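Student: Got a file for you: coords_11.pdb, PDB, C-alpha atoms, pLDDT in the B column.
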MODEL        1
ATOM      1  CA  MET A  89      60.914  98.528 173.064  1.00 47.00           C
ATOM      2  CA  SER A  90      62.762  96.223 175.360  1.00 51.00           C
ATOM      3  CA  THR A  91      64.749  93.345 173.913  1.00 59.00           C
ATOM      4  CA  LYS A  92      63.891  91.173 176.924  1.00 78.00           C
ATOM      5  CA  ASN A  93      60.612  90.068 175.335  1.00 85.00           C
ATOM      6  CA  SER A  94      61.804  90.211 171.730  1.00 89.00           C
ATOM      7  CA  PHE A  95      63.086  87.565 169.388  1.00 91.00           C
ATOM      8  CA  LYS A  96      64.307  87.436 165.807  1.00 89.00           C
ATOM      9  CA  THR A  97      62.028  86.321 163.014  1.00 89.00           C
ATOM     10  CA  LYS A  98      62.797  85.475 159.406  1.00 87.00           C
ATOM     11  CA  THR A  99      62.271  89.089 158.312  1.00 83.00           C
ATOM     12  CA  GLY A 100      62.841  91.164 161.469  1.00 85.00           C
ATOM     13  CA  TYR A 101      61.767  91.028 165.098  1.00 88.00           C
ATOM     14  CA  CYS A 102      58.754  90.065 167.186  1.00 90.00           C
ATOM     15  CA  HIS A 103      58.098  92.057 170.367  1.00 90.00           C
ATOM     16  CA  VAL A 104      55.749  90.498 172.917  1.00 91.00           C
ATOM     17  CA  LEU A 105      54.380  93.349 175.019  1.00 89.00           C
ATOM     18  CA  GLN A 106      51.954  93.192 177.955  1.00 88.00           C
ATOM     19  CA  ASP A 107      48.843  93.275 175.796  1.00 89.00           C
ATOM     20  CA  LYS A 108      49.921  92.691 172.186  1.00 90.00           C
ATOM     21  CA  ILE A 109      52.354  91.168 169.743  1.00 90.00           C
ATOM     22  CA  VAL A 110      54.192  93.624 167.504  1.00 89.00           C
ATOM     23  CA  LEU A 111      56.022  92.367 164.429  1.00 88.00           C
ATOM     24  CA  TYR A 112      58.709  94.623 163.005  1.00 82.00           C
ATOM     25  CA  ARG A 113      60.468  94.086 159.690  1.00 76.00           C
ATOM     26  CA  LYS A 114      64.097  95.146 159.613  1.00 69.00           C
ATOM     27  CA  GLY A 115      67.025  94.938 157.245  1.00 53.00           C
ATOM     28  CA  PHE A 116      67.264  93.831 153.649  1.00 47.00           C
ATOM     29  CA  ILE A 117      65.055  90.739 154.042  1.00 45.00           C
ATOM     30  CA  GLY A 118      62.415  92.775 155.901  1.00 40.00           C
ATOM     31  CA  ASP A 119      62.449  95.429 153.186  1.00 48.00           C
ATOM     32  CA  LEU A 120      61.941  92.738 150.545  1.00 45.00           C
ATOM     33  CA  ALA A 121      59.032  91.299 152.529  1.00 44.00           C
ATOM     34  CA  LYS A 122      57.441  94.771 152.786  1.00 48.00           C
ATOM     35  CA  LEU A 123      57.881  95.271 149.060  1.00 47.00           C
ATOM     36  CA  LYS A 124      56.451  91.833 148.300  1.00 46.00           C
ATOM     37  CA  SER A 125      53.365  91.887 150.542  1.00 45.00           C
ATOM     38  CA  GLY A 126      53.121  95.331 152.143  1.00 48.00           C
ATOM     39  CA  GLU A 127      50.624  95.318 154.995  1.00 52.00           C
ATOM     40  CA  GLY A 128      48.310  92.872 153.224  1.00 63.00           C
ATOM     41  CA  ILE A 129      48.680  89.763 151.149  1.00 73.00           C
ATOM     42  CA  TYR A 130      46.036  90.484 148.510  1.00 77.00           C
ATOM     43  CA  GLY A 131      48.468  92.119 146.077  1.00 79.00           C
ATOM     44  CA  LEU A 132      50.697  89.052 146.197  1.00 80.00           C
ATOM     45  CA  LEU A 133      47.700  86.739 145.753  1.00 86.00           C
ATOM     46  CA  ALA A 134      46.485  88.789 142.775  1.00 89.00           C
ATOM     47  CA  PHE A 135      49.931  88.502 141.164  1.00 90.00           C
ATOM     48  CA  ARG A 136      49.886  84.738 141.715  1.00 93.00           C
ATOM     49  CA  GLY A 137      46.396  84.584 140.180  1.00 95.00           C
ATOM     50  CA  VAL A 138      47.479  86.456 137.050  1.00 96.00           C
ATOM     51  CA  LEU A 139      50.532  84.205 136.770  1.00 96.00           C
ATOM     52  CA  ALA A 140      48.317  81.094 137.151  1.00 96.00           C
ATOM     53  CA  VAL A 141      45.979  82.280 134.372  1.00 97.00           C
ATOM     54  CA  PHE A 142      48.985  82.916 132.101  1.00 97.00           C
ATOM     55  CA  LEU A 143      50.395  79.449 132.864  1.00 96.00           C
ATOM     56  CA  PHE A 144      47.018  77.807 132.156  1.00 96.00           C
ATOM     57  CA  TYR A 145      46.952  79.639 128.812  1.00 95.00           C
ATOM     58  CA  MET A 146      50.509  78.494 128.033  1.00 94.00           C
ATOM     59  CA  ALA A 147      49.680  74.920 129.071  1.00 94.00           C
ATOM     60  CA  PHE A 148      46.641  74.657 126.818  1.00 92.00           C
ATOM     61  CA  SER A 149      48.480  76.263 123.911  1.00 92.00           C
ATOM     62  CA  LYS A 150      51.044  73.449 124.195  1.00 92.00           C
ATOM     63  CA  ILE A 151      48.296  70.844 123.661  1.00 87.00           C
ATOM     64  CA  ASN A 152      47.699  72.194 120.143  1.00 84.00           C
ATOM     65  CA  ASN A 153      51.389  71.655 119.350  1.00 85.00           C
ATOM     66  CA  ASN A 154      51.509  68.211 121.031  1.00 87.00           C
ATOM     67  CA  HIS A 155      54.109  69.323 123.572  1.00 91.00           C
ATOM     68  CA  TRP A 156      52.813  67.156 126.397  1.00 93.00           C
ATOM     69  CA  VAL A 157      55.803  67.572 128.707  1.00 94.00           C
ATOM     70  CA  LEU A 158      55.567  71.381 128.620  1.00 94.00           C
ATOM     71  CA  PHE A 159      51.800  71.105 129.057  1.00 94.00           C
ATOM     72  CA  GLY A 160      52.375  69.048 132.204  1.00 95.00           C
ATOM     73  CA  VAL A 161      54.958  71.472 133.602  1.00 96.00           C
ATOM     74  CA  TYR A 162      52.868  74.596 132.982  1.00 96.00           C
ATOM     75  CA  PHE A 163      49.662  72.957 134.161  1.00 96.00           C
ATOM     76  CA  GLY A 164      51.337  71.587 137.319  1.00 97.00           C
ATOM     77  CA  ILE A 165      52.780  74.977 138.276  1.00 97.00           C
ATOM     78  CA  ALA A 166      49.428  76.685 137.618  1.00 97.00           C
ATOM     79  CA  ILE A 167      47.580  74.147 139.801  1.00 97.00           C
ATOM     80  CA  PHE A 168      50.164  74.672 142.564  1.00 96.00           C
ATOM     81  CA  LEU A 169      49.630  78.454 142.380  1.00 96.00           C
ATOM     82  CA  VAL A 170      45.835  78.096 142.563  1.00 96.00           C
ATOM     83  CA  TYR A 171      46.171  75.744 145.560  1.00 95.00           C
ATOM     84  CA  ASN A 172      48.534  78.247 147.205  1.00 92.00           C
ATOM     85  CA  ILE A 173      46.071  81.099 146.655  1.00 92.00           C
ATOM     86  CA  ILE A 174      43.187  79.125 148.177  1.00 93.00           C
ATOM     87  CA  THR A 175      45.185  78.103 151.247  1.00 88.00           C
ATOM     88  CA  SER A 176      46.513  81.653 151.736  1.00 85.00           C
ATOM     89  CA  LEU A 177      43.133  83.416 151.744  1.00 86.00           C
ATOM     90  CA  ASN A 178      42.769  83.199 155.538  1.00 85.00           C
ATOM     91  CA  LEU A 179      46.315  84.419 156.238  1.00 86.00           C
ATOM     92  CA  SER A 180      47.109  87.920 157.439  1.00 84.00           C
ATOM     93  CA  ALA A 181      50.130  90.208 157.335  1.00 81.00           C
ATOM     94  CA  ALA A 182      49.026  92.115 160.446  1.00 84.00           C
ATOM     95  CA  SER A 183      51.948  93.675 162.294  1.00 85.00           C
ATOM     96  CA  VAL A 184      50.067  94.254 165.588  1.00 88.00           C
ATOM     97  CA  ILE A 185      47.887  91.599 167.243  1.00 90.00           C
ATOM     98  CA  ASP A 186      46.100  92.306 170.542  1.00 90.00           C
ATOM     99  CA  PHE A 187      46.101  89.486 173.100  1.00 91.00           C
ATOM    100  CA  SER A 188      42.336  89.916 173.523  1.00 91.00           C
ATOM    101  CA  LYS A 189      41.830  88.989 169.847  1.00 92.00           C
ATOM    102  CA  ILE A 190      44.057  85.874 169.941  1.00 92.00           C
ATOM    103  CA  ILE A 191      42.185  82.567 169.790  1.00 92.00           C
ATOM    104  CA  ALA A 192      45.184  80.220 169.798  1.00 92.00           C
ATOM    105  CA  VAL A 193      48.915  80.118 169.201  1.00 93.00           C
ATOM    106  CA  GLU A 194      50.439  76.945 167.823  1.00 92.00           C
ATOM    107  CA  PHE A 195      54.137  76.122 167.485  1.00 93.00           C
ATOM    108  CA  LYS A 196      55.389  74.099 164.529  1.00 91.00           C
ATOM    109  CA  PRO A 197      58.948  72.806 164.992  1.00 91.00           C
ATOM    110  CA  ALA A 198      61.427  72.704 162.131  1.00 86.00           C
ATOM    111  CA  LYS A 199      61.911  69.576 160.075  1.00 86.00           C
ATOM    112  CA  LYS A 200      65.642  69.088 159.866  1.00 81.00           C
ATOM    113  CA  LEU A 201      67.066  70.358 156.547  1.00 78.00           C
ATOM    114  CA  LEU A 202      63.548  70.935 155.132  1.00 83.00           C
ATOM    115  CA  THR A 203      61.658  73.659 156.989  1.00 85.00           C
ATOM    116  CA  ARG A 204      62.083  76.288 159.683  1.00 89.00           C
ATOM    117  CA  SER A 205      60.169  76.618 162.949  1.00 91.00           C
ATOM    118  CA  TYR A 206      57.185  78.945 163.091  1.00 92.00           C
ATOM    119  CA  PHE A 207      54.192  80.021 165.133  1.00 93.00           C
ATOM    120  CA  ILE A 208      50.627  80.134 163.850  1.00 92.00           C
ATOM    121  CA  VAL A 209      48.669  82.878 165.616  1.00 93.00           C
ATOM    122  CA  ASN A 210      44.917  82.523 165.067  1.00 93.00           C
ATOM    123  CA  PHE A 211      43.051  85.729 165.905  1.00 93.00           C
ATOM    124  CA  LYS A 212      39.825  87.593 165.241  1.00 93.00           C
ATOM    125  CA  GLN A 213      39.960  90.748 163.171  1.00 86.00           C
ATOM    126  CA  ASN A 214      37.838  93.799 163.943  1.00 82.00           C
ATOM    127  CA  ASN A 215      35.271  92.650 161.359  1.00 84.00           C
ATOM    128  CA  GLY A 216      34.889  89.313 163.192  1.00 83.00           C
ATOM    129  CA  LYS A 217      36.711  87.160 160.636  1.00 87.00           C
ATOM    130  CA  THR A 218      39.249  84.653 161.929  1.00 91.00           C
ATOM    131  CA  LYS A 219      42.679  85.017 160.343  1.00 90.00           C
ATOM    132  CA  SER A 220      46.048  83.353 160.871  1.00 91.00           C
ATOM    133  CA  ARG A 221      49.405  85.097 161.100  1.00 91.00           C
ATOM    134  CA  LEU A 222      52.533  83.045 160.546  1.00 91.00           C
ATOM    135  CA  ILE A 223      55.586  84.093 162.530  1.00 91.00           C
ATOM    136  CA  MET A 224      58.510  82.442 160.775  1.00 90.00           C
ATOM    137  CA  LEU A 225      61.636  82.005 162.882  1.00 91.00           C
ATOM    138  CA  PRO A 226      65.210  82.202 161.575  1.00 89.00           C
ATOM    139  CA  GLY A 227      66.647  79.206 159.761  1.00 84.00           C
ATOM    140  CA  SER A 228      69.569  77.064 160.824  1.00 74.00           C
ATOM    141  CA  LEU A 229      72.078  79.315 159.048  1.00 75.00           C
ATOM    142  CA  ASN A 230      70.949  82.301 161.159  1.00 72.00           C
ATOM    143  CA  ASN A 231      71.244  80.789 164.654  1.00 74.00           C
ATOM    144  CA  GLY A 232      67.750  79.305 164.350  1.00 76.00           C
ATOM    145  CA  ASN A 233      67.959  76.818 167.222  1.00 83.00           C
ATOM    146  CA  VAL A 234      68.920  79.457 169.768  1.00 88.00           C
ATOM    147  CA  GLU A 235      66.292  81.913 168.523  1.00 88.00           C
ATOM    148  CA  THR A 236      63.623  79.192 168.497  1.00 88.00           C
ATOM    149  CA  LYS A 237      64.308  78.330 172.150  1.00 91.00           C
ATOM    150  CA  LYS A 238      64.228  82.023 173.069  1.00 91.00           C
ATOM    151  CA  ALA A 239      60.979  82.583 171.134  1.00 90.00           C
ATOM    152  CA  LEU A 240      59.299  79.571 172.730  1.00 91.00           C
ATOM    153  CA  GLU A 241      60.272  80.771 176.202  1.00 91.00           C
ATOM    154  CA  ILE A 242      58.924  84.285 175.538  1.00 91.00           C
ATOM    155  CA  ILE A 243      55.633  83.014 174.072  1.00 91.00           C
ATOM    156  CA  LYS A 244      55.182  80.547 176.958  1.00 90.00           C
ATOM    157  CA  ASN A 245      55.911  83.245 179.552  1.00 88.00           C
ATOM    158  CA  ALA A 246      53.225  85.411 177.936  1.00 87.00           C
ATOM    159  CA  GLU A 247      50.879  82.405 178.358  1.00 88.00           C
ATOM    160  CA  LEU A 248      49.913  82.391 174.698  1.00 87.00           C
ATOM    161  CA  ILE A 249      50.572  78.691 174.125  1.00 82.00           C
ATOM    162  CA  LYS A 250      48.191  76.516 176.089  1.00 65.00           C
ATOM    163  CA  ASN A 251      49.619  73.068 175.300  1.00 58.00           C
ATOM    164  CA  ASN A 252      52.861  71.673 176.684  1.00 51.00           C
ATOM    165  CA  ILE A 253      55.698  71.967 174.190  1.00 53.00           C
ATOM    166  CA  THR A 254      59.267  71.065 174.999  1.00 48.00           C
TER     167      THR A 254
ENDMDL
END
The structure given in the file should be rewritten as structure tokens.
Tutor:
Amino acid sequence: MSTKNSFKTKTGYCHVLQDKIVLYRKGFIGDLAKLKSGEGIYGLLAFRGVLAVFLFYMAFSKINNNHWVLFGVYFGIAIFLVYNIITSLNLSAASVIDFSKIIAVEFKPAKKLLTRSYFIVNFKQNNGKTKSRLIMLPGSLNNGNVETKKALEIIKNAELIKNNIT
């Protein structure tokens, strides 16, 4: 694959071909991402669900002992995990996305010292369901600004982003 239409992501590379986007995980971080989520995210969501149930159990066991601070901590983390599971249900870990299936691509710029830039690719799966694939770009410690500019140029040249982004 040519590097002309490729850019670095958080866990590897994104190749924008004539008719599809191919995401490739490479290196130590990519291997960890494969181990964590594989080709789908349901295993990770199931783990988070089991952890949330355990934390709810721990939280309510602390009520019996009048440990209100620990109850609050456990309960807060469990609620965060449940919220995370619900918001992640329409995400996908697809590594190949055909242009014909793409509904929209949105760019989210980084918030200085808080977040990294990323693309949200909304697409239809073969079963007709709409899913979103996040393409996280490198952070500021990994030449993020340069890679973000390169990624934006490649995605714009492929005419995937319809709105004007500077």
Student: So how many Å separate atom CA of Phe159 of chain A and atom CA of Ile173 of chain A, to one decimal?
Tutor: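 One can read the atom CA of Phe159 of chain A to atom CA of Ile173 of chain A distance as 21.0 Å.
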Student: Using all atoms listed in the file, find the one residue out of A:Val209, A:Ala134, A:Val104, A:Leu158 that sits nearest to Ala182 of chain A.
Tutor: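 Of the candidates, the smallest distance to Ala182 of chain A is held by A:Val209.
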Student: Find the residues with any atom within 12 Å of (51.3, 88.4, 141.9); use all atoms listed in the file and the coordinates as given in the file, and write the answer as an NGL selection string.
Tutor: :A and (123-125 or 129-142 or 169-170 or 172-173)
Student: Write out, as a PDB file, in the frame of the given file, the residues just selected, with C-alpha atoms.
Tutor:
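Output file selection_13.pdb follows:
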ATOM      1  CA  LEU A 123      57.881  95.271 149.060  1.00 47.00           C
ATOM      2  CA  LYS A 124      56.451  91.833 148.300  1.00 46.00           C
ATOM      3  CA  SER A 125      53.365  91.887 150.542  1.00 45.00           C
ATOM      4  CA  ILE A 129      48.680  89.763 151.149  1.00 73.00           C
ATOM      5  CA  TYR A 130      46.036  90.484 148.510  1.00 77.00           C
ATOM      6  CA  GLY A 131      48.468  92.119 146.077  1.00 79.00           C
ATOM      7  CA  LEU A 132      50.697  89.052 146.197  1.00 80.00           C
ATOM      8  CA  LEU A 133      47.700  86.739 145.753  1.00 86.00           C
ATOM      9  CA  ALA A 134      46.485  88.789 142.775  1.00 89.00           C
ATOM     10  CA  PHE A 135      49.931  88.502 141.164  1.00 90.00           C
ATOM     11  CA  ARG A 136      49.886  84.738 141.715  1.00 93.00           C
ATOM     12  CA  GLY A 137      46.396  84.584 140.180  1.00 95.00           C
ATOM     13  CA  VAL A 138      47.479  86.456 137.050  1.00 96.00           C
ATOM     14  CA  LEU A 139      50.532  84.205 136.770  1.00 96.00           C
ATOM     15  CA  ALA A 140      48.317  81.094 137.151  1.00 96.00           C
ATOM     16  CA  VAL A 141      45.979  82.280 134.372  1.00 97.00           C
ATOM     17  CA  PHE A 142      48.985  82.916 132.101  1.00 97.00           C
ATOM     18  CA  LEU A 169      49.630  78.454 142.380  1.00 96.00           C
ATOM     19  CA  VAL A 170      45.835  78.096 142.563  1.00 96.00           C
ATOM     20  CA  ASN A 172      48.534  78.247 147.205  1.00 92.00           C
ATOM     21  CA  ILE A 173      46.071  81.099 146.655  1.00 92.00           C
TER      22      ILE A 173
END
Student: I want to know what sits within 8 Å of Lys96 of chain A, based on all atoms listed in the file, with residues of the same chain fewer than 4 positions away left out; could you give that as a PyMOL selection string?
Tutor: chain A and resi 100-102+225-226+235+239
Student: For Thr218 of chain A, please output as a CSV table (one decimal) with C-alpha atoms, in the coordinates of the input all residues within 12 Å (counting all atoms listed in the file; exclusion window: fewer than 2 positions along the same chain).
Tutor:
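Here's the written file result.csv:
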chain,number,residue,atom,x,y,z
A,177,LEU,CA,43.1,83.4,151.7
A,178,ASN,CA,42.8,83.2,155.5
A,179,LEU,CA,46.3,84.4,156.2
A,180,SER,CA,47.1,87.9,157.4
A,189,LYS,CA,41.8,89.0,169.8
A,190,ILE,CA,44.1,85.9,169.9
A,191,ILE,CA,42.2,82.6,169.8
A,192,ALA,CA,45.2,80.2,169.8
A,209,VAL,CA,48.7,82.9,165.6
A,210,ASN,CA,44.9,82.5,165.1
A,211,PHE,CA,43.1,85.7,165.9
A,212,LYS,CA,39.8,87.6,165.2
A,213,GLN,CA,40.0,90.7,163.2
A,214,ASN,CA,37.8,93.8,163.9
A,215,ASN,CA,35.3,92.6,161.4
A,216,GLY,CA,34.9,89.3,163.2
A,220,SER,CA,46.0,83.4,160.9
A,221,ARG,CA,49.4,85.1,161.1
Student: Around the point (57.2, 97.1, 162.4), in the coordinates given by the file, pick out the residues reaching within 9 Å, counting all atoms listed in the file, and return them as a PyMOL selection string.
Tutor: chain A and resi 100-102+110-114+183-184
Student: Excluding Lys237 of chain A and residues on its chain fewer than 3 positions from it, collect all residues at most 12 Å away from it, counting all atoms listed in the file, and give them as a ChimeraX atom specification.
Tutor: /A:95-96,195,197-198,205-206,225-226,231-234,240-244,253-254
Student: Could you please determine the separation between atom CA of Lys150 of chain A and atom CA of Ser176 of chain A in Å, to one decimal place?
Tutor: 29.1 Å
Student: Please evaluate the PyMOL selection byres ((chain A and resi 108) around 6) against the structure above and give the resulting residues as JSON, numbers by chain.
Tutor: {"A": [105, 107, 109, 185, 186, 187]}
Student: Given the selection you just returned, output its residues as a file containing C-alpha atoms, formatted as a short mmCIF file (atom, residue, chain, number, x, y, z; two decimals), in the frame of the given file.
Tutor:
data_model
loop_
_atom_site.label_atom_id
_atom_site.label_comp_id
_atom_site.auth_asym_id
_atom_site.auth_seq_id
_atom_site.Cartn_x
_atom_site.Cartn_y
_atom_site.Cartn_z
CA LEU A 105 54.38 93.35 175.02
CA ASP A 107 48.84 93.28 175.80
CA ILE A 109 52.35 91.17 169.74
CA ILE A 185 47.89 91.60 167.24
CA ASP A 186 46.10 92.31 170.54
CA PHE A 187 46.10 89.49 173.10
#
Student: What are the centre and edge lengths in Å, to one decimal, of the axis-aligned box around all listed atoms of segment 141-144 of chain A with 8 Å added on each side, as lines of an AutoDock Vina configuration file?
Tutor:
center_x = 48.2
center_y = 80.4
center_z = 133.2
size_x = 20.4
size_y = 21.1
size_z = 18.3
Student: One number please: atom CA of Ser228 of chain A to atom CA of Thr97 of chain A, in Å, one decimal.
Tutor: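 Here the two named atoms are 12.1 Å from each other.
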